[in-house]
Amino acid sequence: MKICILGDNGSVHIQKWIYALATHLEIELYLITFDKGIKYKNVNYLFLKSYTNTKLDYLLNIFRVRKFIKKIKPDLVHAHYATSYGMLGACSGFHPFILTGWGADIFDSPKYFFMKKTLQFSLSKADFITVLSQITLIELAKYTNKKISLIPFGVDLNNFIPRVASNSNEIRIGTIRTLSEKYGVDYLIRSFALLHTKYPNLYLDIVGDGPQKLELKKLVHELKIDNRVVFHGFISQNKNFSLYISVLHSFDIFAILSILDSETFGVAAVEASACKIPVVATDVGGLPEVIDHNITGIIVPTVDINETAKALECLINDKALRTKMGESGRAKVEALFDWQRNVNQMIALYISALKN
């Protein structure tokens, strides 16, 4: 089976997907992308040209994509992200064409007339459509009558193994996020600040980088919690997974406080659950799908510092509850978000597409 993927090689999710497909000996794999980041063996990379470093570059590469696909002669084309690489796949005219919608391309892009038309065009050309979460499926159904398959980006249960509880008296709240406004890291910091004097053994770990980094560090300083908050910076799973999993395993509680519905899945929350870490999450997007309230974690209202602090404090004070929720979280991930099962679901769709 010769598969051509269109997607951003700078995305850890695309890298994970490419790696998974490359391990199947019966698949000859090609990736068409702008990014020249990590390269895996058994993957053939074809790079697009950046002319303007804007979204216009997608339009300027339409004929280049057609040329690549004509040269590859794949059995099928699969594009990720409906309003960018998905548009390129749609313009290629190749069939069968599989389109995967991620989140912001479904929730945010249609707010603008041209992007809405781009989404509708991409969907009109797709033979098969997949999404990562139920909430995205419901939203996407507003723009197409075609069948939509739900296939999440789960986690590798052989890598994300349960943490071993520490004997330390410290309790660590952690998050792994891009440091931008929509991910609500500032609300986490403010919630932590309400608790830190009451619990001298409490610490906050922030993993990630982004445009809000300096602003968040300034906030920590203003709240006088510098000695209790650790900024780890960005840790690459691909380049340093041992460090990534080590930091994740140091968390007693995981927090994911996104404020926009474009948070349609929350892979980091699934990773935490796989490691038997209870999760405090906001009631936006697909987060309530992956976190069961009072079972695998606690769902809190968006941008509500006081309720978030209450949820964190509930888990801080109850180690048995943290353990119980962590175990329930692992069980849910095993049932629904096992990465190998998700990969097999997509390959089954590939086979179905070729038969049809």
# chains A, B, ... in the order shown; residues from 1 in each chain; ligands from 1

$ residues_around --residues "Ile298 of chain A" --least-positions-apart "3" --cutoff "7 Å" --atoms "only C-alpha atoms" --output "list in words"
Val279, Val280, Ala281, His293, Asn294 and Ala311 of chain A

$ write_last_selection --atoms "C-alpha atoms" --output "short mmCIF file (atom, residue, chain, number, x, y, z; two decimals), in the first residue's frame"
data_model
loop_
_atom_site.label_atom_id
_atom_site.label_comp_id
_atom_site.auth_asym_id
_atom_site.auth_seq_id
_atom_site.Cartn_x
_atom_site.Cartn_y
_atom_site.Cartn_z
CA VAL A 279 -6.59 15.51 35.92
CA VAL A 280 -8.24 18.86 36.64
CA ALA A 281 -9.66 20.14 33.36
CA HIS A 293 -15.92 14.23 36.17
CA ASN A 294 -15.29 12.82 39.66
CA ALA A 311 -10.68 21.15 42.78
#

$ select_by_dssp --residues "segment 68-156 of chain A" --states "strand (DSSP E)" --output "ChimeraX atom specification"
/A:76-80,97-101,128-131,148-150

$ write_last_selection --atoms "C-alpha atoms" --output "PDB file, in the first residue's frame"
ATOM      1  CA  LEU A  76      -4.494   7.082  -1.503  1.00  0.00           C
ATOM      2  CA  VAL A  77      -3.897  10.584  -0.161  1.00  0.00           C
ATOM      3  CA  HIS A  78      -4.555  11.501   3.481  1.00  0.00           C
ATOM      4  CA  ALA A  79      -4.477  15.176   4.522  1.00  0.00           C
ATOM      5  CA  HIS A  80      -4.440  16.478   8.094  1.00  0.00           C
ATOM      6  CA  PHE A  97      -8.845  11.269  -0.583  1.00  0.00           C
ATOM      7  CA  ILE A  98      -9.078  11.053   3.217  1.00  0.00           C
ATOM      8  CA  LEU A  99      -9.400  14.245   5.262  1.00  0.00           C
ATOM      9  CA  THR A 100      -8.794  14.548   9.024  1.00  0.00           C
ATOM     10  CA  GLY A 101     -10.114  17.580  10.884  1.00  0.00           C
ATOM     11  CA  PHE A 128     -13.628   9.749   3.778  1.00  0.00           C
ATOM     12  CA  ILE A 129     -13.546  12.151   6.739  1.00  0.00           C
ATOM     13  CA  THR A 130     -12.183  11.562  10.233  1.00  0.00           C
ATOM     14  CA  VAL A 131     -12.019  13.652  13.422  1.00  0.00           C
ATOM     15  CA  ILE A 148     -17.557  11.160   9.609  1.00  0.00           C
ATOM     16  CA  SER A 149     -15.436   8.610  11.490  1.00  0.00           C
ATOM     17  CA  LEU A 150     -14.141   9.226  15.010  1.00  0.00           C
TER      18      LEU A 150
END

$ atom_distance --atom1 "atom CA of Ser180 of chain A" --atom2 "atom CA of Gln212 of chain A"
5.1 Å

$ closest_residue --among "A:Gly184, A:Ile3, A:Leu243, A:Leu56" --to "Pro96 of chain A" --atoms "only C-alpha atoms"
A:Ile3

$ closest_atom_pairs --of "segment 183-275 of chain A" --to "segment 31-42 of chain A" --cutoff "12 Å" --atoms "only C-alpha atoms" --output "tab-separated table"
residue	atom	partner	partner_atom	distance
A:Ser236	CA	A:Ile38	CA	11.1
A:Gln237	CA	A:Ile38	CA	11.6
A:Asn238	CA	A:Ile38	CA	8.4
A:Lys239	CA	A:Ile38	CA	9.0

$ closest_residue --among "A:Tyr30, A:Tyr45, A:Phe113, A:Tyr187" --to "Val300 of chain A" --atoms "only C-alpha atoms"
A:Tyr187

$ residues_around --residues "Lys276 of chain A" --least-positions-apart "2" --cutoff "8 Å" --atoms "only C-alpha atoms" --output "list of chain:residue names"
A:Pro162, A:Arg163, A:Ala272, A:Ser273, A:Ala274, A:Pro278, A:Thr323, A:Met325, A:Gly326, A:Glu327, A:Ser328, A:Gly329, A:Arg330

$ write_last_selection --atoms "N, CA and C atoms" --output "PDB file, in the first residue's frame"
ATOM      1  N   PRO A 162       2.203   3.688  34.014  1.00  0.00           N
ATOM      2  CA  PRO A 162       1.825   4.291  35.298  1.00  0.00           C
ATOM      3  C   PRO A 162       3.033   4.764  36.090  1.00  0.00           C
ATOM      4  N   ARG A 163       2.883   5.919  36.716  1.00  0.00           N
ATOM      5  CA  ARG A 163       3.941   6.462  37.558  1.00  0.00           C
ATOM      6  C   ARG A 163       4.050   5.671  38.858  1.00  0.00           C
ATOM      7  N   ALA A 272      -1.486  11.996  30.731  1.00  0.00           N
ATOM      8  CA  ALA A 272      -1.474  12.010  32.195  1.00  0.00           C
ATOM      9  C   ALA A 272      -2.315  10.871  32.753  1.00  0.00           C
ATOM     10  N   SER A 273      -3.503  10.681  32.186  1.00  0.00           N
ATOM     11  CA  SER A 273      -4.368   9.589  32.644  1.00  0.00           C
ATOM     12  C   SER A 273      -3.700   8.235  32.438  1.00  0.00           C
ATOM     13  N   ALA A 274      -3.007   8.071  31.320  1.00  0.00           N
ATOM     14  CA  ALA A 274      -2.305   6.817  31.059  1.00  0.00           C
ATOM     15  C   ALA A 274      -1.263   6.538  32.130  1.00  0.00           C
ATOM     16  N   PRO A 278      -4.355  11.921  38.223  1.00  0.00           N
ATOM     17  CA  PRO A 278      -5.674  12.556  38.135  1.00  0.00           C
ATOM     18  C   PRO A 278      -5.565  13.914  37.458  1.00  0.00           C
ATOM     19  N   THR A 323      -5.225   8.431  43.877  1.00  0.00           N
ATOM     20  CA  THR A 323      -4.893   7.082  43.417  1.00  0.00           C
ATOM     21  C   THR A 323      -6.067   6.464  42.669  1.00  0.00           C
ATOM     22  N   MET A 325      -8.652   7.946  41.164  1.00  0.00           N
ATOM     23  CA  MET A 325      -8.884   8.618  39.885  1.00  0.00           C
ATOM     24  C   MET A 325      -7.811   8.256  38.860  1.00  0.00           C
ATOM     25  N   GLY A 326      -6.581   8.138  39.332  1.00  0.00           N
ATOM     26  CA  GLY A 326      -5.503   7.748  38.429  1.00  0.00           C
ATOM     27  C   GLY A 326      -5.722   6.367  37.842  1.00  0.00           C
ATOM     28  N   GLU A 327      -6.161   5.434  38.664  1.00  0.00           N
ATOM     29  CA  GLU A 327      -6.428   4.080  38.183  1.00  0.00           C
ATOM     30  C   GLU A 327      -7.591   4.067  37.190  1.00  0.00           C
ATOM     31  N   SER A 328      -8.638   4.843  37.474  1.00  0.00           N
ATOM     32  CA  SER A 328      -9.779   4.928  36.562  1.00  0.00           C
ATOM     33  C   SER A 328      -9.371   5.566  35.241  1.00  0.00           C
ATOM     34  N   GLY A 329      -8.473   6.549  35.315  1.00  0.00           N
ATOM     35  CA  GLY A 329      -7.988   7.204  34.107  1.00  0.00           C
ATOM     36  C   GLY A 329      -7.227   6.246  33.216  1.00  0.00           C
ATOM     37  N   ARG A 330      -6.353   5.444  33.810  1.00  0.00           N
ATOM     38  CA  ARG A 330      -5.604   4.449  33.035  1.00  0.00           C
ATOM     39  C   ARG A 330      -6.555   3.466  32.365  1.00  0.00           C
TER      40      ARG A 330
END

$ closest_atom_pairs --of "segment 181-209 of chain A" --to "segment 219-226 of chain A" --cutoff "8 Å" --atoms "only C-alpha atoms" --output "CSV"
residue,atom,partner,partner_atom,distance
A:Asp186,CA,A:Leu219,CA,7.8
A:Ile189,CA,A:Val220,CA,7.1
A:Ala193,CA,A:Leu223,CA,6.8
A:His196,CA,A:Ile225,CA,7.8

$ write_last_selection --atoms "C-alpha atoms" --output "mmCIF file, in the first residue's frame"
data_model
loop_
_atom_site.group_PDB
_atom_site.id
_atom_site.type_symbol
_atom_site.label_atom_id
_atom_site.label_comp_id
_atom_site.auth_asym_id
_atom_site.auth_seq_id
_atom_site.Cartn_x
_atom_site.Cartn_y
_atom_site.Cartn_z
ATOM 1 C CA ASP A 186 -2.305 32.192 33.852
ATOM 2 C CA ILE A 189 -0.894 30.144 38.271
ATOM 3 C CA ALA A 193 -1.292 31.257 44.341
ATOM 4 C CA HIS A 196 0.564 27.955 48.205
#

$ closest_atom_pairs --of "segment 48-163 of chain A" --to "segment 9-22 of chain A" --cutoff "12 Å" --atoms "only C-alpha atoms" --output "Markdown table"
| residue | atom | partner | partner_atom | distance |
| --- | --- | --- | --- | --- |
| A:Leu48 | CA | A:Asn9 | CA | 11.4 |
| A:His78 | CA | A:Ile18 | CA | 11.4 |
| A:Ala79 | CA | A:Ile14 | CA | 10.4 |
| A:His80 | CA | A:Ile14 | CA | 8.2 |
| A:Tyr81 | CA | A:Ile14 | CA | 10.5 |
| A:Tyr85 | CA | A:Asn9 | CA | 11.3 |
| A:Thr100 | CA | A:Ile14 | CA | 11.4 |
| A:Trp102 | CA | A:His13 | CA | 10.4 |
| A:Leu132 | CA | A:His13 | CA | 11.4 |
| A:Pro152 | CA | A:His13 | CA | 10.8 |
| A:Phe153 | CA | A:His13 | CA | 7.4 |
| A:Gly154 | CA | A:His13 | CA | 9.7 |
| A:Val155 | CA | A:Lys16 | CA | 9.5 |
| A:Asp156 | CA | A:Lys16 | CA | 9.7 |

$ closest_residue --among "A:Leu46, A:Leu194, A:Thr136, A:Gly89" --to "Ile305 of chain A" --atoms "only C-alpha atoms"
A:Leu194

$ select_by_dssp --residues "segment 30-110 of chain A" --states "alpha helix (DSSP H)" --output "JSON, numbers by chain"
{"A": [56, 57, 58, 59, 60, 62, 63, 64, 65, 66, 67, 68, 69, 70, 71, 72, 85, 86, 87, 88, 89, 90, 91, 92, 104, 105, 106, 107]}

$ atom_distance --atom1 "atom CA of Leu260 of chain A" --atom2 "atom CA of Pro301 of chain A"
11.9 Å

$ closest_residue --among "A:Glu263, A:Lys67, A:His249, A:Lys310" --to "Ala104 of chain A" --atoms "only C-alpha atoms"
A:Glu263

$ atom_distance --atom1 "atom CA of Ser109 of chain A" --atom2 "atom CA of Lys146 of chain A"
19.6 Å

$ closest_residue --among "A:Asp209, A:Leu349, A:Gly174, A:Val303" --to "Ala269 of chain A" --atoms "only C-alpha atoms"
A:Gly174

$ closest_residue --among "A:Asn61, A:Leu137, A:Thr54, A:Ile69" --to "Cys4 of chain A" --atoms "only C-alpha atoms"
A:Ile69

$ residues_around --residues "Val229 of chain A" --least-positions-apart "3" --cutoff "6 Å" --atoms "only C-alpha atoms" --output "ChimeraX atom specification"
/A:203-205,226
